[in-house]
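Written below as structure tokens is the structure these notes are about.
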Amino acid sequence: MNRLILFGLIASLSFAWTGPLHAEEPATAEEIIAASDAVRNPDKPFSLKTTLIEYRSGKESDRMVLIVYSKEEKSGGQYRTLVRFIEPSRDENKLMLKTGNILWFFDPASKASVRISPQQRLMGQASNGDVVTVNFHKDYKGTIEGVETITDAEKNSRNCYRVNMIAANDSVTYHRIEYWVEKESYQPVKGKFYSESERLLKTAYYRNYQEQLGKRRPTDTIIIDGVDSKLVTKMSFSDYNYRDIPEEWFQKEYLPRFKGN
Amino acid sequence: MVMTTSGRSLYFILLALVLTSFLCAASRAGADTNLELIPEELQSVPAPEAGAQPPAAPSPYRIKVFLDEALQGNFYRYSLAVPLPISDFSGFTNRTSLDVRAEVTFCPALSLTVADRLNYFSGPNMFISREGILNDLKETYLTWNMTGSYFIDLGRINVKNGVATGFNPTDYFKKDAVTAMISQDAAVLRENRLGTLMMRAQGIWQWGSLSLIVAPEVPHEQDRWWTDQSGGALQLNRTNDRFRMLAKADINAIQDMNPEVLYFDDDGRSNVGFNLTRGIGDNVVAYAEWNAGQSPDIVSEALQDARNLGMIPSGLPFVIPGNSQIRFRNQLAAGFSYTEKINRTTYLEYQYNEAGLSPSEWNNWFATGETAKGFLGNPKTSAAGKGILAQLWAIREFSQEAQEPLSQHAFFIRSFWQNALVNKLDLTGIFQVNLQDGSLYLQPLAEYRLSNSVTLNLAFDFYLGAKKSDFGSLPQWGDIRAGFRYYF
């Protein structure tokens with residue numbers, strides 16, 4: 001009898017436990033990350049408008065509007081990104097260029113291009129890595145930790161892979177990412193971003209999926225600061241467009257000449 | 001059927017496990033506590049927007065206008081080791097500036113850039129000798145985009161070179177370009193300087209870029225529309241007093257180094273420059289900027305410059321001999337920036353100017369000044385004393401207008417902390433120390449972003465040191481400056 005009870009309870013436990021992926025699951029962690037990258041990032045050079053709104057204790061405290069131009073490198077497959085500041089007016093027409101781990105900041109007032117470190121933030125609490133386009137599968141090694149049903153930022157239950165991603169090189173903003181990707185659609189739902197010392201830096205929710213450039217893509221990311229949880233940033237993405245972006249746009253010397261809209 | 005005690009224990013343990021696992025599963029599925037941290041305003045998801053809008057055509061106009069107001073209280077030393085020949089400084093000074101930058105694209109291949117600053121100065125101080133309404137036409141140039149990434153620019157252009165922060169040895173067009181030293185912060189001065197009349201050809205490729213600049217000498221005629229110092233004159237005599245040519249290669253092929261090589265012909269004097277940056281980890285950027293240029297030392301250069309401007313009569317000897325031998329002299333600015341997690345970035349920079357004053361030359365400067373000071377008391381020798389002092393202070397003024405350290409060795413720190421202590425408050429600290437005499441310049445600056453259009457600022461400047469030291473010998477020991485900037 002005891003054996004029967006034991007068997008029954010273990011069966012119940014297995015049922016309730018949403019843990020390790022079954023052997024028949026076809027997707028590898030790399031495939032899941034790459035597929036979710038393809039959800040976030042269009043497959044050809046593109047531009048989009050990013051509106052960052054910062055909330056402190058639930059109240060809007062800062063707002064910034066950027067135009068982001070992105071193009072994959074021919075070799076390596078990582079994105080190069082040129083960011084043009086639109087608002088506020090004091091920052092209008094300033095530029096940030098990211099190629100690999102090299103960042104330049106250009107201010108038309110001083111005509112100076114200044115090299116900045118990846119950690120230097122130009123956009124309030126959002127890191128440069130949050131604003132630029134990134135293919136996670138190029139910079140992280142992932143392992144599938146399990147399949148879980150989680151609640152997304154729109155209060156819907158989503159059945160997700162939980163993927164643990166560890167940085168494969170030094171050029172990344174976050175050392176480790178816990179990443180929830182919906183099983184059916186490979187849509188990223190949630191991410192927890194950690195420093196090298198395993199400190200939670202931020203939690204991000206991807207939401208408001210809309211049809212953009214041939215795919216349903218998240219048009220909002222809600223970022224909750226890992227240290228000060230009263231600090232929340234909403235990043236909204238709009239005006240997605242495929243663009244013919246010349247290679248020269250990603251040269252430091254081109255920054256004073258940039259006029260793109 | 002009777003269950004044994006051990007069987008009952010096992011049953012309860014397993015039951016507890018089942019309940020726990022169900023609770024955990026429920027927690028994972030439904031109770032993400034982070035979601036409660038999302039502000040109420042963001043709880044509802046906005047309605048989907050219409051499909052993507054096609055990218056708007058680039059606007060033919062881009063304009064940025066701001067108003068800058070600064071009221072300054074100046075504090076002076078009563079006793080100077082080397083007095084000034086003339087000093088009619090004000091306790092309070094005020095500056096109101098309207099700054100406009102506009103770009104007009106006539107067609108895809110042709111555009112016009114204009115940058116202008118209209119100033120109203122009241123009350124001269126140690127660094128701003130101008131008064132009344134003065135206009136600085138900083139830039140006016142046409143750009144012809146011939147094809148792809150080949151460009152020709154023609155007109156008055158503000159060309160800035162160099163990767164260092166406090167001193168830029170390869171920023172060849174900086175000399176005399178700042179018409180009013182409204183701050184000692186090199187970053188502020190770069191926004192406030194006159195461009196040089198020039199023609200620039202530039203090609204930009206994936207591997208880097210090549211630039212060639214030719215800046216002509218304008219006729220040295222006094223009080224003409226292009227040389228007049230007053231009102232709305234172009235002041236080209238400041239920026240184009242001699243022929244200059246610059247060739248520059250920017251190379252991207254070397255990963256993470258971004259070297260720049262420059263050759264500058266300064267009216268027959270050759271200069272070779274080099275810039276380098278290198279990232280170290282994700283929070284450090286190291287940089288080095290070096291120039292070797294044919295020149296005399298700063299004393300000879302400054303006094304000859306003063307003579308050319310008519311400040312020293314041609315028959316009068318120079319009061320300090322200096323070294324007039326023209327040979328390659330080195331200038332270097334090398335350091336690194338360090339960014340902390342709190343988003344505070346600090347630059348630490350060593351500065352070397354081989355042509356600058358050595359400790360013995362500083363001693364000579366003060367000794368000559370003391371001699372001149374002794375002449376002032378006697379009506380027969382007073383004029384001679386003032387003449388000597390004029391020469392001595394011409395050296396100081398030259399260094400300031402050339403934006404080069406007066407001493408050979410200096411150390412510079414600039415720290416910028418965004419959202420410091422409270423949201424929207426930015427703090428900047430600047431620290432420049434003369435490594436030869438230990439005197440220093442210090443500037444704490446606070447800026448508060450009141451709104452998207454208005455920034456309030458409060459700054460202090462301190463020039464500290466022994467009486468016979470670089471910063472300790474300046475007539476002004478400090479000032480306090482308060483103001484605002486309004487973006488239209």
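Letters for chains follow the order of the structure tokens (A, B, ...), residue numbers begin at 1 for each chain, and ligand numbers begin at 1 in the order shown.
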
I need the residues of segment 3-240 of chain A that end up classed as alpha helix (DSSP H) by DSSP on the backbone, written out as an MDAnalysis selection string. chainID A and resid 3:16 29:40 128:131 136:139

Strand (DSSP E) residues, from DSSP on the backbone, in segment 179-373 of chain B, as an MDAnalysis selection string: chainID B and resid 196:205 208:215 244:251 260:266 269:280 284:295 327:339 344:353

Atom CA of Ile251 of chain B and atom CA of Lys98 of chain A, how far apart in Å?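 Separation between atom CA of Lys98 of chain A and atom CA of Ile251 of chain B: 16.4 Å.
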
Excluding same-chain residues fewer than 3 positions from Lys155 of chain A, what lies within 12 Å of it counting only C-alpha atoms, as number ranges by chain? A: 149-152, 158, 189, 205, 207-208; B: 29-36, 38, 43-45

Choose the residue, out of B:Gly322, B:Val299, B:Glu191, B:Trp226, that has the smallest atom-to-atom separation from Asp107 of chain A; count only C-alpha atoms. B:Glu191

Name the residues in contact with segment 449-454 of chain B at a cut-off of 8 Å, using only C-alpha atoms, excluding same-chain residues fewer than 4 positions from it; report them as a PyMOL selection string. (chain A and resi 88-90) or (chain B and resi 424-425+484-488)

Among listed residues A:Leu213, A:Val114, A:Ile86, A:Leu48, nearest Ser70 of chain A (using only C-alpha atoms):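 Using only C-alpha atoms, Ser70 of chain A sits closest to A:Leu48.
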
For chain A, which residue out of B:Asn119, B:Thr227, B:Asn252, B:Asn363 is the nearest one, using only C-alpha atoms? B:Asn252

So how far away is atom CA of Asp266 of chain B from atom CA of Asn240 of chain B, in Å?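 The value is 11.0 Å.
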
I want to know what sits within 9 Å of segment 96-113 of chain B, based on only C-alpha atoms, with residues of the same chain fewer than 6 positions away left out; could you give that as a tab-separated table (two decimals) with N, CA and C atoms, in the first residue's frame?
chain	number	residue	atom	x	y	z
A	108	PRO	N	26.81	67.91	-31.62
A	108	PRO	CA	27.02	68.90	-32.68
A	108	PRO	C	27.50	70.26	-32.15
A	109	ALA	N	27.17	70.58	-30.91
A	109	ALA	CA	27.56	71.88	-30.35
A	109	ALA	C	29.08	71.99	-30.23
B	59	SER	N	14.15	66.19	-43.06
B	59	SER	CA	13.68	67.57	-43.11
B	59	SER	C	14.77	68.45	-43.74
B	60	PRO	N	14.38	69.39	-44.62
B	60	PRO	CA	15.40	70.26	-45.22
B	60	PRO	C	15.97	71.26	-44.21
B	61	TYR	N	15.32	71.38	-43.05
B	61	TYR	CA	15.81	72.34	-42.04
B	61	TYR	C	16.05	71.62	-40.72
B	62	ARG	N	17.11	71.99	-40.04
B	62	ARG	CA	17.32	71.55	-38.66
B	62	ARG	C	17.82	72.77	-37.90
B	63	ILE	N	17.14	73.12	-36.86
B	63	ILE	CA	17.54	74.33	-36.13
B	63	ILE	C	17.47	74.08	-34.62
B	64	LYS	N	18.45	74.59	-33.92
B	64	LYS	CA	18.48	74.45	-32.46
B	64	LYS	C	18.86	75.81	-31.89
B	65	VAL	N	18.03	76.29	-30.99
B	65	VAL	CA	18.24	77.63	-30.42
B	65	VAL	C	18.17	77.53	-28.90
B	66	PHE	N	19.11	78.19	-28.24
B	66	PHE	CA	18.99	78.29	-26.78
B	66	PHE	C	19.47	79.64	-26.28
B	67	LEU	N	18.94	80.01	-25.13
B	67	LEU	CA	19.32	81.25	-24.46
B	67	LEU	C	20.12	80.87	-23.22
B	68	ASP	N	21.25	81.54	-23.04
B	68	ASP	CA	22.13	81.22	-21.92
B	68	ASP	C	22.36	82.48	-21.10
B	69	GLU	N	22.09	82.42	-19.82
B	69	GLU	CA	22.26	83.59	-18.95
B	69	GLU	C	23.17	83.21	-17.79
B	70	ALA	N	24.17	84.06	-17.52
B	70	ALA	CA	25.09	83.78	-16.43
B	70	ALA	C	25.48	85.07	-15.72
B	71	LEU	N	25.19	85.12	-14.43
B	71	LEU	CA	25.59	86.24	-13.59
B	71	LEU	C	26.74	85.77	-12.71
B	119	ASN	N	26.06	87.69	-28.10
B	119	ASN	CA	26.33	87.86	-26.67
B	119	ASN	C	26.09	89.29	-26.22
B	120	TYR	N	25.66	89.42	-25.00
B	120	TYR	CA	25.70	90.74	-24.36
B	120	TYR	C	26.53	90.58	-23.07
B	121	PHE	N	27.66	91.28	-23.04
B	121	PHE	CA	28.55	91.21	-21.88
B	121	PHE	C	28.46	92.53	-21.11
B	139	GLU	N	30.19	79.50	-37.33
B	139	GLU	CA	30.33	78.67	-38.54
B	139	GLU	C	29.39	79.16	-39.63
B	140	THR	N	29.84	79.11	-40.86
B	140	THR	CA	28.98	79.29	-42.03
B	140	THR	C	29.68	78.56	-43.17
B	141	TYR	N	29.15	77.43	-43.57
B	141	TYR	CA	29.83	76.72	-44.65
B	141	TYR	C	28.86	75.90	-45.49
B	142	LEU	N	29.27	75.74	-46.74
B	142	LEU	CA	28.52	74.93	-47.69
B	142	LEU	C	29.15	73.55	-47.75
B	143	THR	N	28.31	72.54	-47.82
B	143	THR	CA	28.80	71.17	-47.98
B	143	THR	C	28.28	70.62	-49.29
B	144	TRP	N	29.21	70.10	-50.06
B	144	TRP	CA	28.85	69.45	-51.32
B	144	TRP	C	29.17	67.96	-51.18
B	145	ASN	N	28.14	67.16	-51.16
B	145	ASN	CA	28.30	65.70	-51.08
B	145	ASN	C	28.41	65.20	-52.53
B	146	MET	N	29.65	65.11	-53.01
B	146	MET	CA	29.89	64.85	-54.44
B	146	MET	C	29.24	63.53	-54.86
B	147	THR	N	29.63	62.47	-54.17
B	147	THR	CA	29.06	61.16	-54.47
B	147	THR	C	29.37	60.25	-53.29
B	157	ILE	N	34.52	76.85	-40.69
B	157	ILE	CA	34.17	75.55	-40.10
B	157	ILE	C	34.91	75.38	-38.78

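With only C-alpha atoms as the atoms that count, the minimum distance from Leu201 of chain A to the choices A:Glu247, A:Asp225, A:Glu182, A:Asp130 is reached by A:Asp225.
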
Hey, which of B:Phe264, B:Phe471, B:Phe274, B:Phe411 ends up closest to Ala81 of chain B? Count only C-alpha atoms. B:Phe471
